[in-house]
Structures are given as structure tokens and as C-alpha cells.
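**Student:** So here's query-v3.pdb (PDB, C-alpha atoms).
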ATOM      1  CA  MET A  17       0.000   0.000   0.000
ATOM      2  CA  ASN A  18       1.501   3.330  -1.018
ATOM      3  CA  ALA A  19       1.374   6.578   0.961
ATOM      4  CA  THR A  20      -1.288   8.153  -1.250
ATOM      5  CA  ALA A  21      -3.649   5.247  -0.568
ATOM      6  CA  THR A  22      -4.073   6.478   3.021
ATOM      7  CA  VAL A  23      -5.663   9.741   1.821
ATOM      8  CA  LYS A  24      -9.436   9.417   1.694
ATOM      9  CA  ASP A  25     -11.679  11.193  -0.767
ATOM     10  CA  THR A  26     -13.571  12.462   2.274
ATOM     11  CA  ASP A  27     -10.515  14.208   3.810
ATOM     12  CA  ILE A  28     -11.206  17.942   3.610
ATOM     13  CA  ARG A  29      -9.129  21.056   4.352
ATOM     14  CA  GLY A  30     -10.871  24.230   5.419
ATOM     15  CA  LEU A  31      -9.224  27.286   3.860
ATOM     16  CA  VAL A  32      -9.609  31.041   3.925
ATOM     17  CA  THR A  33      -8.852  32.267   0.403
ATOM     18  CA  PHE A  34      -7.551  35.701  -0.441
ATOM     19  CA  LYS A  35      -6.068  37.635  -3.332
ATOM     20  CA  ILE A  36      -2.879  39.559  -3.770
ATOM     21  CA  GLY A  37      -3.004  41.082  -7.219
ATOM     22  CA  GLU A  38      -4.372  38.473  -9.595
ATOM     23  CA  GLU A  39      -3.004  35.545  -7.571
ATOM     24  CA  GLU A  40      -5.252  33.608  -5.227
ATOM     25  CA  PHE A  41      -3.915  32.083  -2.029
ATOM     26  CA  GLY A  42      -5.308  29.975   0.779
ATOM     27  CA  VAL A  43      -4.410  29.508   4.444
ATOM     28  CA  ASP A  44      -5.675  26.884   6.848
ATOM     29  CA  ILE A  45      -8.815  28.161   8.529
ATOM     30  CA  LEU A  46      -7.614  26.830  11.906
ATOM     31  CA  SER A  47      -4.754  29.363  11.914
ATOM     32  CA  VAL A  48      -7.088  32.341  11.262
ATOM     33  CA  GLU A  49      -8.310  34.219  14.342
ATOM     34  CA  THR A  50     -10.326  36.931  12.596
ATOM     35  CA  ILE A  51     -10.505  39.070   9.467
ATOM     36  CA  ILE A  52     -10.799  42.836   9.853
ATOM     37  CA  ARG A  53     -11.041  45.892   7.645
ATOM     38  CA  MET A  54      -7.939  48.006   7.251
ATOM     39  CA  MET A  55      -7.333  50.315  10.136
ATOM     40  CA  GLU A  56      -4.674  52.817  11.067
ATOM     41  CA  ILE A  57      -1.308  51.096  11.410
ATOM     42  CA  THR A  58       1.365  52.590  13.652
ATOM     43  CA  LYS A  59       4.768  52.508  11.967
ATOM     44  CA  ILE A  60       7.717  51.069  13.878
ATOM     45  CA  PRO A  61      11.201  52.436  13.274
ATOM     46  CA  ARG A  62      13.827  49.903  12.191
ATOM     47  CA  ALA A  63      11.283  47.098  11.776
ATOM     48  CA  PRO A  64      11.908  44.510   9.050
ATOM     49  CA  GLU A  65      10.914  45.801   5.608
ATOM     50  CA  PHE A  66       7.838  43.563   5.341
ATOM     51  CA  VAL A  67       6.458  44.723   8.725
ATOM     52  CA  GLU A  68       3.999  47.516   8.039
ATOM     53  CA  GLY A  69       3.656  48.366  11.730
ATOM     54  CA  VAL A  70       1.350  47.423  14.596
ATOM     55  CA  ILE A  71      -2.321  47.763  15.486
ATOM     56  CA  ASN A  72      -4.193  47.658  18.763
ATOM     57  CA  LEU A  73      -6.874  44.997  18.404
ATOM     58  CA  ARG A  74      -9.040  44.575  21.499
ATOM     59  CA  GLY A  75      -6.141  45.571  23.748
ATOM     60  CA  MET A  76      -3.557  43.359  22.002
ATOM     61  CA  ILE A  77      -0.659  44.926  20.093
ATOM     62  CA  ILE A  78      -0.366  42.918  16.879
ATOM     63  CA  PRO A  79       2.399  43.215  14.273
ATOM     64  CA  ILE A  80       1.079  43.676  10.738
ATOM     65  CA  ILE A  81       2.884  42.057   7.810
ATOM     66  CA  ASP A  82       2.386  43.299   4.252
ATOM     67  CA  PHE A  83       2.082  40.150   2.118
ATOM     68  CA  ARG A  84       3.013  42.161  -0.999
ATOM     69  CA  LYS A  85       6.346  43.160   0.572
ATOM     70  CA  LYS A  86       6.923  39.686   2.013
ATOM     71  CA  PHE A  87       6.356  38.099  -1.396
ATOM     72  CA  LYS A  88       8.361  40.838  -3.167
ATOM     73  CA  MET A  89       5.365  41.966  -5.224
ATOM     74  CA  ASN A  90       4.737  45.487  -6.517
ATOM     75  CA  PRO A  91       3.156  47.828  -3.955
ATOM     76  CA  ARG A  92      -0.486  48.787  -4.322
ATOM     77  CA  ASP A  93      -2.629  51.423  -2.691
ATOM     78  CA  GLU A  94      -5.146  50.280  -0.137
ATOM     79  CA  GLY A  95      -8.580  49.635  -1.661
ATOM     80  CA  LYS A  96     -12.075  49.182  -0.284
ATOM     81  CA  ASP A  97     -11.580  45.396  -0.226
ATOM     82  CA  THR A  98      -8.182  45.455   1.540
ATOM     83  CA  ARG A  99      -8.271  43.345   4.692
ATOM     84  CA  ILE A 100      -6.076  42.214   7.551
ATOM     85  CA  ILE A 101      -6.145  38.492   8.267
ATOM     86  CA  VAL A 102      -5.236  38.022  11.935
ATOM     87  CA  THR A 103      -3.596  34.650  12.485
ATOM     88  CA  ASN A 104      -1.945  32.645  15.188
ATOM     89  CA  VAL A 105       1.712  32.019  14.283
ATOM     90  CA  GLY A 106       3.602  29.996  16.864
ATOM     91  CA  ASN A 107       1.201  31.057  19.651
ATOM     92  CA  LYS A 108       1.573  34.715  18.645
ATOM     93  CA  GLN A 109      -1.042  36.821  16.937
ATOM     94  CA  MET A 110       0.056  38.445  13.702
ATOM     95  CA  GLY A 111      -1.882  40.250  10.982
ATOM     96  CA  PHE A 112      -1.361  40.000   7.222
ATOM     97  CA  ILE A 113      -2.490  42.663   4.751
ATOM     98  CA  VAL A 114      -4.173  41.208   1.662
ATOM     99  CA  ASP A 115      -5.872  42.888  -1.306
ATOM    100  CA  SER A 116      -9.138  41.072  -0.626
ATOM    101  CA  VAL A 117     -10.556  38.026   1.129
ATOM    102  CA  SER A 118     -12.425  35.796  -1.293
ATOM    103  CA  GLU A 119     -14.213  33.107   0.698
ATOM    104  CA  VAL A 120     -13.972  30.227   3.111
ATOM    105  CA  ILE A 121     -13.861  26.924   1.245
ATOM    106  CA  ARG A 122     -13.663  23.226   1.950
ATOM    107  CA  LEU A 123     -11.183  21.619  -0.418
ATOM    108  CA  PRO A 124     -10.755  17.852  -0.717
ATOM    109  CA  VAL A 125      -7.182  16.820   0.069
ATOM    110  CA  THR A 126      -7.212  14.905  -3.218
ATOM    111  CA  ALA A 127      -7.539  18.277  -5.038
ATOM    112  CA  ILE A 128      -4.213  19.497  -3.606
ATOM    113  CA  ASP A 129      -0.979  18.864  -5.494
ATOM    114  CA  PRO A 130       2.513  19.326  -4.044
ATOM    115  CA  PRO A 131       4.257  22.581  -4.951
ATOM    116  CA  PRO A 132       5.747  22.517  -8.453
ATOM    117  CA  SER A 133       9.445  21.605  -8.442
ATOM    118  CA  ILE A 134      10.287  25.023  -9.929
ATOM    119  CA  VAL A 135       9.363  26.650  -6.597
ATOM    120  CA  SER A 136      11.133  24.150  -4.393
ATOM    121  CA  GLY A 137      13.833  25.634  -2.260
ATOM    122  CA  ILE A 138      14.329  27.498   0.971
ATOM    123  CA  GLU A 139      12.304  30.575  -0.025
ATOM    124  CA  ALA A 140       9.283  28.468  -0.981
ATOM    125  CA  GLU A 141       9.184  26.106   1.969
ATOM    126  CA  TYR A 142       6.069  27.943   3.187
ATOM    127  CA  ILE A 143       4.101  26.780   0.117
ATOM    128  CA  ASP A 144       2.063  23.734   1.172
ATOM    129  CA  GLY A 145       0.760  22.944  -2.273
ATOM    130  CA  VAL A 146      -1.484  24.044  -5.092
ATOM    131  CA  GLY A 147      -5.203  23.538  -4.728
ATOM    132  CA  LYS A 148      -7.393  22.923  -7.768
ATOM    133  CA  LEU A 149     -10.886  24.318  -7.485
ATOM    134  CA  ASP A 150     -12.933  24.291 -10.683
ATOM    135  CA  ASP A 151     -10.982  26.578 -13.051
ATOM    136  CA  ARG A 152      -8.986  28.226 -10.237
ATOM    137  CA  LEU A 153      -5.605  27.436  -8.735
ATOM    138  CA  LEU A 154      -4.905  28.329  -5.106
ATOM    139  CA  ILE A 155      -1.399  28.653  -3.722
ATOM    140  CA  LEU A 156      -1.644  27.173  -0.240
ATOM    141  CA  ILE A 157       0.466  29.011   2.330
ATOM    142  CA  ASN A 158       1.675  27.442   5.560
ATOM    143  CA  ILE A 159       1.639  30.481   7.860
ATOM    144  CA  GLN A 160       3.755  28.611  10.436
ATOM    145  CA  LYS A 161       6.656  28.310   7.948
ATOM    146  CA  LEU A 162       6.353  31.755   6.370
ATOM    147  CA  PHE A 163       9.429  33.289   7.997
ATOM    148  CA  ASP A 164      13.020  32.107   7.792
ATOM    149  CA  GLU A 165      15.216  31.991  10.890
ATOM    150  CA  SER A 166      16.593  35.542  10.621
ATOM    151  CA  GLU A 167      13.099  36.949  10.000
ATOM    152  CA  ARG A 168      11.784  35.082  13.063
ATOM    153  CA  GLU A 169      14.651  36.506  15.146
ATOM    154  CA  ASN A 170      13.866  40.039  13.934
ATOM    155  CA  LEU A 171      10.167  39.553  14.718
ATOM    156  CA  GLU A 172      11.022  38.244  18.207
ATOM    157  CA  LYS A 173      13.210  41.311  18.848
ATOM    158  CA  LEU A 174      10.346  43.513  17.677
ATOM    159  CA  GLU A 175       7.924  41.685  19.952
ATOM    160  CA  LYS A 176      10.236  42.079  22.958
ATOM    161  CA  THR A 177      10.549  45.797  22.254
ATOM    162  CA  LEU A 178       6.777  46.145  22.007
ATOM    163  CA  SER A 179       6.100  44.127  25.172
ATOM    164  CA  LYS A 180       8.462  46.422  27.143
ATOM    165  CA  GLN A 181       6.406  49.412  25.982
ATOM    166  CA  GLN A 182       3.074  47.952  27.124
TER     167      GLN A 182
END
Could you take the file, read its structure, and then write that structure out as C-alpha cells?
**Tutor:**
Amino acid sequence: MNATATVKDTDIRGLVTFKIGEEEFGVDILSVETIIRMMEITKIPRAPEFVEGVINLRGMIIPIIDFRKKFKMNPRDEGKDTRIIVTNVGNKQMGFIVDSVSEVIRLPVTAIDPPPSIVSGIEAEYIDGVGKLDDRLLILINIQKLFDESERENLEKLEKTLSKQQ
């Protein structure tokens, strides 16, 4: 019996889908705390380039990551559909700016292919796979693996600085 035989047609992944530009992405719904409209973000001096700043959400100071900067995509002005997806990354809340949130879907595990070999490598280790949904392709992001070691260290330093100020 091969490894793929253990996957059942009934195995489902719940995903929150969102867009950045024309690309559609998905993250595991279990890692999403909430989705909010854009709000004023307080800039932080000397923060990593992809950190837009922080917000105060129900008394919690949450770092906000710009997915466009993280993925080295062209900047874009905030639009009416721009959202912040607040997630739990390693027991820490973190928000991600996206152009729009599409929907919550249930995708059969059998409709998910491994990442193409062209994107394999250290920078793409956060890509869980490519989901096929009708005529759409979803790039599945593993939020827990999104940052490399130096980025995690920089975020931890930022968090320590912020916690001292609270």
C-alpha cells in the first residue's frame, strides 16, 4: 500500500482564500483568528521591511505584515476590499495585509498537489501545495513556515521591544 492510498476522498481542508493582485492564495482556517477591515497602522522604526507596523486589536498589540512586501510583489494602494487576516503564528497573533478576502472553502485533500518543483527551495518552503478548485488554482500558504530563521529573530526582537512598551 503506497502513501497516497491512506488519503481518503472524504478528507477535507478548510481554507480562507484571499487575493494579492491576480493571484489567489489559501491559508488553513484553523490558523485564522479573525478578518478585519484596514485600520490605522502605527509605523515602527527599524522594523523589518515587510512589517507595516502594529495595530491595537481589542487591547492586544499585533504586528502587521504586508504580504506584498513579504512576497516581493509590486506595492499597491489600499482599496475598499483590503483586509487584515489576523492569524496565530507559533502562539503569537500576527496580521497580514491582503488585497481582498475571497471566501472560506472546503477543499478535498485529493484536489491538492505538491508545490511545483520550480518553486522548491528554501524561499518556498512555506508553500504547502497548489489547490485545484474548478478553473482556479490556489497557492496554499503554511503560515507557520512563512518566515526564515533571521526573519523570526527580527520579529522576536520587535515583539520584545513592544512588550516592554506595554
**Student:** Given the file shown, determine the residues that the PyMOL selection byres ((chain A and resi 170) around 12) selects; report them as a CSV table (one decimal) with C-alpha atoms, keeping the file's coordinate frame.
**Tutor:**
chain,number,residue,atom,x,y,z
A,62,ARG,CA,13.8,49.9,12.2
A,63,ALA,CA,11.3,47.1,11.8
A,64,PRO,CA,11.9,44.5,9.0
A,65,GLU,CA,10.9,45.8,5.6
A,66,PHE,CA,7.8,43.6,5.3
A,67,VAL,CA,6.5,44.7,8.7
A,79,PRO,CA,2.4,43.2,14.3
A,163,PHE,CA,9.4,33.3,8.0
A,164,ASP,CA,13.0,32.1,7.8
A,165,GLU,CA,15.2,32.0,10.9
A,166,SER,CA,16.6,35.5,10.6
A,167,GLU,CA,13.1,36.9,10.0
A,168,ARG,CA,11.8,35.1,13.1
A,169,GLU,CA,14.7,36.5,15.1
A,171,LEU,CA,10.2,39.6,14.7
A,172,GLU,CA,11.0,38.2,18.2
A,173,LYS,CA,13.2,41.3,18.8
A,174,LEU,CA,10.3,43.5,17.7
A,175,GLU,CA,7.9,41.7,20.0
A,176,LYS,CA,10.2,42.1,23.0
A,177,THR,CA,10.5,45.8,22.3
**Student:** Could you check the closest approach to Phe83 of chain A for each of A:Ile28, A:Val114, A:Leu156, A:Leu149 and tell me which residue wins, using only C-alpha atoms?
**Tutor:**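 Checking each candidate against Phe83 of chain A, we get A:Val114 as the closest.
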**Student:** Using only C-alpha atoms, which of the listed residues (A:Asp115, A:Asp93, A:Glu68, A:Asp82) sits closest to Glu56 of chain A?
**Tutor:**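 Closest to Glu56 of chain A, using only C-alpha atoms: A:Glu68.
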**Student:** Provide the atom CA of Glu39 of chain A to atom CA of Arg152 of chain A distance in Å, to one decimal place.
**Tutor:**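 Computing the Euclidean distance for atom CA of Glu39 of chain A and atom CA of Arg152 of chain A yields 9.8 Å.
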**Student:** Applied to the shown file, which residues does the PyMOL selection byres ((chain A and resi 42-55) around 8) return, written as a list in words?
**Tutor:**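 Taken on the displayed file, the PyMOL selection byres ((chain A and resi 42-55) around 8) yields the residues Arg29, Gly30, Leu31, Val32, Thr33, Phe34, Glu40, Phe41, Glu56, Ile57, Ile71, Asp97, Thr98, Arg99, Ile100, Ile101, Val102, Thr103, Asn104, Val105, Val120, Leu154, Ile155, Leu156, Ile157, Asn158 and Ile159 of chain A.
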**Student:** Running the PyMOL selection byres ((chain A and resi 59) around 8) on this model by hand, what would come out? Give it as a PyMOL selection string.
**Tutor:** chain A and resi 57-58+60-61+68-70
**Student:** Between atom CA of Ile78 of chain A and atom CA of Gln109 of chain A, what distance in Å does the model show, to one decimal?
**Tutor:**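 Between these atoms lies a distance of 6.1 Å.
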